[in-house]
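Novice: Here it is, the structure, as structure tokens.
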Amino acid sequence: GTHTNTTYNTNTNLINLSSNQTSGNYISDIKDATVSATWSTLAWMPNRPTNKALPNNGATETDYPTGNANMTGNLLLLHLDSNWQDTSGVGNNGTANNITYGDGKFGQAAMFDITKNSSSSVGAVNLSNTNKVSISFWVKVNSFPTAANIPALIFEVSPNYNHRTDSFVMSLNSGKKLNISLKGNVYYCNWIADNVLQSNVWYHVAAILDKSLSTQECMMYINGTKTTGTNLGYNGNNTNNFGNQPVYFGARKQPINDPTPYYFDGWLDDVAFF
């Protein structure tokens with residue numbers, strides 16, 4: 001067939017976008033069967049789950065030959081279909097402030113409007129029995145922050161992670177790049193991915209935080225690819241477990257020692273914590 005800004009991945013047997021591309025197509029060859037036939041029905045079995053939301057209640061999919069989602073250990077799952085209900089089975093439901101909903105990656109998604117100071121929060125998510133955490137979500141940016149020292153906060157685990165060694169934060173900087181960071185004993189692990197995002201494009205993001213590592217405890221995957229980037233801070237050098245902290249989306253809780261809200265202007269969908 002003919003590829004335009006796409007490549008065939010022999011490991012996953014999927015057509016992927018080429019590096020740094022946001023759109024593309026593939027036109028397959030026409031195969032001549034040499035005879036004519038009438039098809040009354042057409043059916044197929046997908047090789048793996050695609051373009052669907054994650055399963056609820058800690059379920060493990062079994063419907064596909066490969067790639068079944070295993071939700072074991074899922075502590076928070078927000079489909080954001082017009083509400084902040086946690087469907088992980090744990091019951092960490094959230095509350096929203098000035099958030100609207102519209103067409104998302106799957107069903108509906110939550111829109112944070114910077115002109116309305118949109119934000120939301122989820123009650124304490126208990127991560128206190130582990131020092132390894134994974135987060136996945138879909139994000140689409142409406143507008144990027146412009147001030148170099150005031151990022152847009154996608155989520156923060158704790159009222160102020162600058163003062164807690166059991167917390168972490170995901171933000172979007174003025175360079176249109178995503179940043180995942182955790183606080184250590186003295187320094188931070190502060191990973192900034194090289195990927196420059198575009199507005200009005202959905203991206204899938206997976207962040208890995210592993211405090212058992214001696215260096216680079218933070219890592220990020222965007223659209224399934226491990227990012228290159230910069231560890232802007234130092235290493236956290238703290239192996240303690242994470243905490244039992246609330247999660248704030250779209251803006252900081254605004255504690256008295258840091259009143260800047262860091263509002264996010266964009267969309268979130270299918271947020272999961274493990």
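Following the order of the structure tokens, first chain is A, next is B, and so on, with residues numbered from 1 inside each chain and ligands from 1 in the order they appear.
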Name the residues in contact with Ser19 of chain A at a cut-off of 12 Å, using only C-alpha atoms, excluding same-chain residues fewer than 5 positions from it; report them as a PDB file with C-alpha atoms, in the first residue's frame.
Specialist:
ATOM      1  CA  THR A   4       1.616   9.126   3.881  1.00  0.00           C
ATOM      2  CA  ASN A   5       3.158  10.181   7.226  1.00  0.00           C
ATOM      3  CA  THR A   6       2.569   6.643   8.520  1.00  0.00           C
ATOM      4  CA  THR A   7       4.647   3.515   9.078  1.00  0.00           C
ATOM      5  CA  GLY A  24      -1.502  10.692   8.052  1.00  0.00           C
ATOM      6  CA  ASN A 195       7.474  16.491  22.501  1.00  0.00           C
ATOM      7  CA  VAL A 196       6.012  19.864  21.509  1.00  0.00           C
ATOM      8  CA  ILE A 222       3.194  10.009  24.752  1.00  0.00           C
ATOM      9  CA  ASN A 223       1.017   8.138  22.259  1.00  0.00           C
ATOM     10  CA  GLY A 224       2.672   4.900  23.325  1.00  0.00           C
ATOM     11  CA  THR A 225       6.257   6.014  22.744  1.00  0.00           C
ATOM     12  CA  THR A 227       9.806  10.173  25.474  1.00  0.00           C
TER      13      THR A 227
END
Novice: As a PyMOL selection string, please: the residues near segment 100-102 of chain A (cut-off 9 Å, only C-alpha atoms, same-chain neighbours under 2 positions excluded).
Specialist: chain A and resi 80-83+98+104+107-113+118+267
Novice: Grab the residues selected above and save them as a tab-separated table (two decimals), in the first residue's frame with N, CA, C and O atoms.
Specialist:
chain	number	residue	atom	x	y	z
A	80	LEU	N	-15.17	10.66	32.93
A	80	LEU	CA	-15.56	12.06	32.73
A	80	LEU	C	-16.70	12.20	31.74
A	80	LEU	O	-16.74	13.13	30.93
A	81	ASP	N	-17.64	11.27	31.80
A	81	ASP	CA	-18.85	11.34	30.98
A	81	ASP	C	-19.91	12.15	31.72
A	81	ASP	O	-20.83	11.60	32.33
A	82	SER	N	-19.72	13.45	31.72
A	82	SER	CA	-20.64	14.42	32.36
A	82	SER	C	-20.60	14.34	33.88
A	82	SER	O	-21.48	14.90	34.54
A	83	ASN	N	-19.60	13.67	34.46
A	83	ASN	CA	-19.50	13.62	35.92
A	83	ASN	C	-18.07	13.23	36.31
A	83	ASN	O	-17.25	12.90	35.46
A	98	ASN	N	-17.02	24.84	37.77
A	98	ASN	CA	-17.05	25.54	36.48
A	98	ASN	C	-16.49	24.71	35.33
A	98	ASN	O	-15.80	25.23	34.44
A	104	GLY	N	-15.51	13.82	23.70
A	104	GLY	CA	-14.18	13.48	24.14
A	104	GLY	C	-13.54	12.43	23.26
A	104	GLY	O	-14.01	12.14	22.16
A	107	GLY	N	-16.71	8.82	24.35
A	107	GLY	CA	-17.88	9.43	24.97
A	107	GLY	C	-17.65	10.91	25.17
A	107	GLY	O	-17.29	11.63	24.23
A	108	GLN	N	-17.81	11.36	26.41
A	108	GLN	CA	-17.59	12.77	26.72
A	108	GLN	C	-16.28	12.97	27.47
A	108	GLN	O	-15.66	12.01	27.94
A	109	ALA	N	-15.88	14.23	27.57
A	109	ALA	CA	-14.67	14.61	28.28
A	109	ALA	C	-14.93	15.88	29.05
A	109	ALA	O	-15.92	16.59	28.80
A	110	ALA	N	-14.06	16.18	30.01
A	110	ALA	CA	-14.19	17.39	30.83
A	110	ALA	C	-13.37	18.51	30.24
A	110	ALA	O	-12.19	18.32	29.91
A	111	MET	N	-13.99	19.70	30.11
A	111	MET	CA	-13.29	20.86	29.58
A	111	MET	C	-13.02	21.86	30.69
A	111	MET	O	-13.93	22.27	31.41
A	112	PHE	N	-11.74	22.24	30.84
A	112	PHE	CA	-11.30	23.25	31.79
A	112	PHE	C	-11.16	24.57	31.03
A	112	PHE	O	-10.40	24.66	30.07
A	113	ASP	N	-11.89	25.58	31.47
A	113	ASP	CA	-11.92	26.88	30.79
A	113	ASP	C	-11.18	27.88	31.65
A	113	ASP	O	-11.61	28.22	32.76
A	118	SER	N	-11.78	27.09	35.90
A	118	SER	CA	-12.26	25.72	36.08
A	118	SER	C	-11.26	24.89	36.89
A	118	SER	O	-10.05	25.04	36.75
A	267	TRP	N	-8.80	19.96	27.73
A	267	TRP	CA	-9.68	18.83	27.96
A	267	TRP	C	-8.93	17.65	28.56
A	267	TRP	O	-7.76	17.43	28.25
Novice: Pull the closest atom pair for each residue of segment 4-56 of chain A that gets at most 10 Å from segment 197-213 of chain A, along with the distance in Å to one decimal, counting only C-alpha atoms, ordering rows by chain and then ascending residue number, as JSON lines.
Specialist:
{"residue": "A:Asn20", "atom": "CA", "partner": "A:Leu197", "partner_atom": "CA", "distance": 9.7}
{"residue": "A:Thr22", "atom": "CA", "partner": "A:Val201", "partner_atom": "CA", "distance": 7.8}
{"residue": "A:Ser23", "atom": "CA", "partner": "A:Val201", "partner_atom": "CA", "distance": 9.9}
Novice: Let me make sure I understand: among A:Ser181, A:Ser134, A:Ser119, A:Ser36, which one has the smallest atom-to-atom distance to Asn74 of chain A if we use only C-alpha atoms?
Specialist: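 Answer, going by the shortest atom-to-atom distance: A:Ser134.
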Novice: Determine which residues of segment 19-262 of chain A DSSP labels as strand (DSSP E or B) from the backbone of this structure, then write them out as a PyMOL selection string.
Specialist: chain A and resi 25-27+60+70+76-78+86+94-97+100-103+108-112+119-126+132-141+152-157+168-172+178-183+188-193+203-210+218-222+225-226+229-231+244-249
Novice: Measuring atom to atom with only C-alpha atoms, identify which of A:Val122, A:Ile135, A:Ala152, A:Ala69 is nearest to Asn97 of chain A.
Specialist: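 With only C-alpha atoms as the atom set, the closest residue is A:Val122.
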Novice: Which is closer to Gly243 of chain A than all the others in A:Asn51, A:Ser18, A:Thr87, A:Ser167, using only C-alpha atoms?
Specialist: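 For Gly243 of chain A, the nearest of the given residues is A:Ser167.
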Novice: From the list A:Thr50, A:Thr239, A:Gln85, A:Tyr262, which residue is nearest Gly123 of chain A when using only C-alpha atoms?
Specialist: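 Among A:Thr50, A:Thr239, A:Gln85, A:Tyr262, it is A:Gln85 that comes nearest to Gly123 of chain A.
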Novice: Nearest to Leu172 of chain A among A:Val133, A:Leu76, A:Val125, A:Val139, with distances taken over only C-alpha atoms: which residue is it?
Specialist: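 Closest to Leu172 of chain A of all the choices is A:Val139.
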Novice: Just the residues within 7 Å of Arg252 of chain A, please, counting only C-alpha atoms, with nothing from its chain fewer than 6 positions along; format it as a list in words.
Specialist: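 Once the adjacent positions are removed, what remains is Leu153, Glu156, Pro261 and Tyr262 of chain A.
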Novice: What is the atom CA of Ile27 of chain A to atom CA of Gly1 of chain A distance in Å?
Specialist: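 The value is 5.5 Å.
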Novice: Between A:Asn25, A:Thr215, A:Asn231, A:Thr72, which has the minimum distance to Asn190 of chain A (counting only C-alpha atoms)?
Specialist: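 Closest to Asn190 of chain A, using only C-alpha atoms: A:Asn231.
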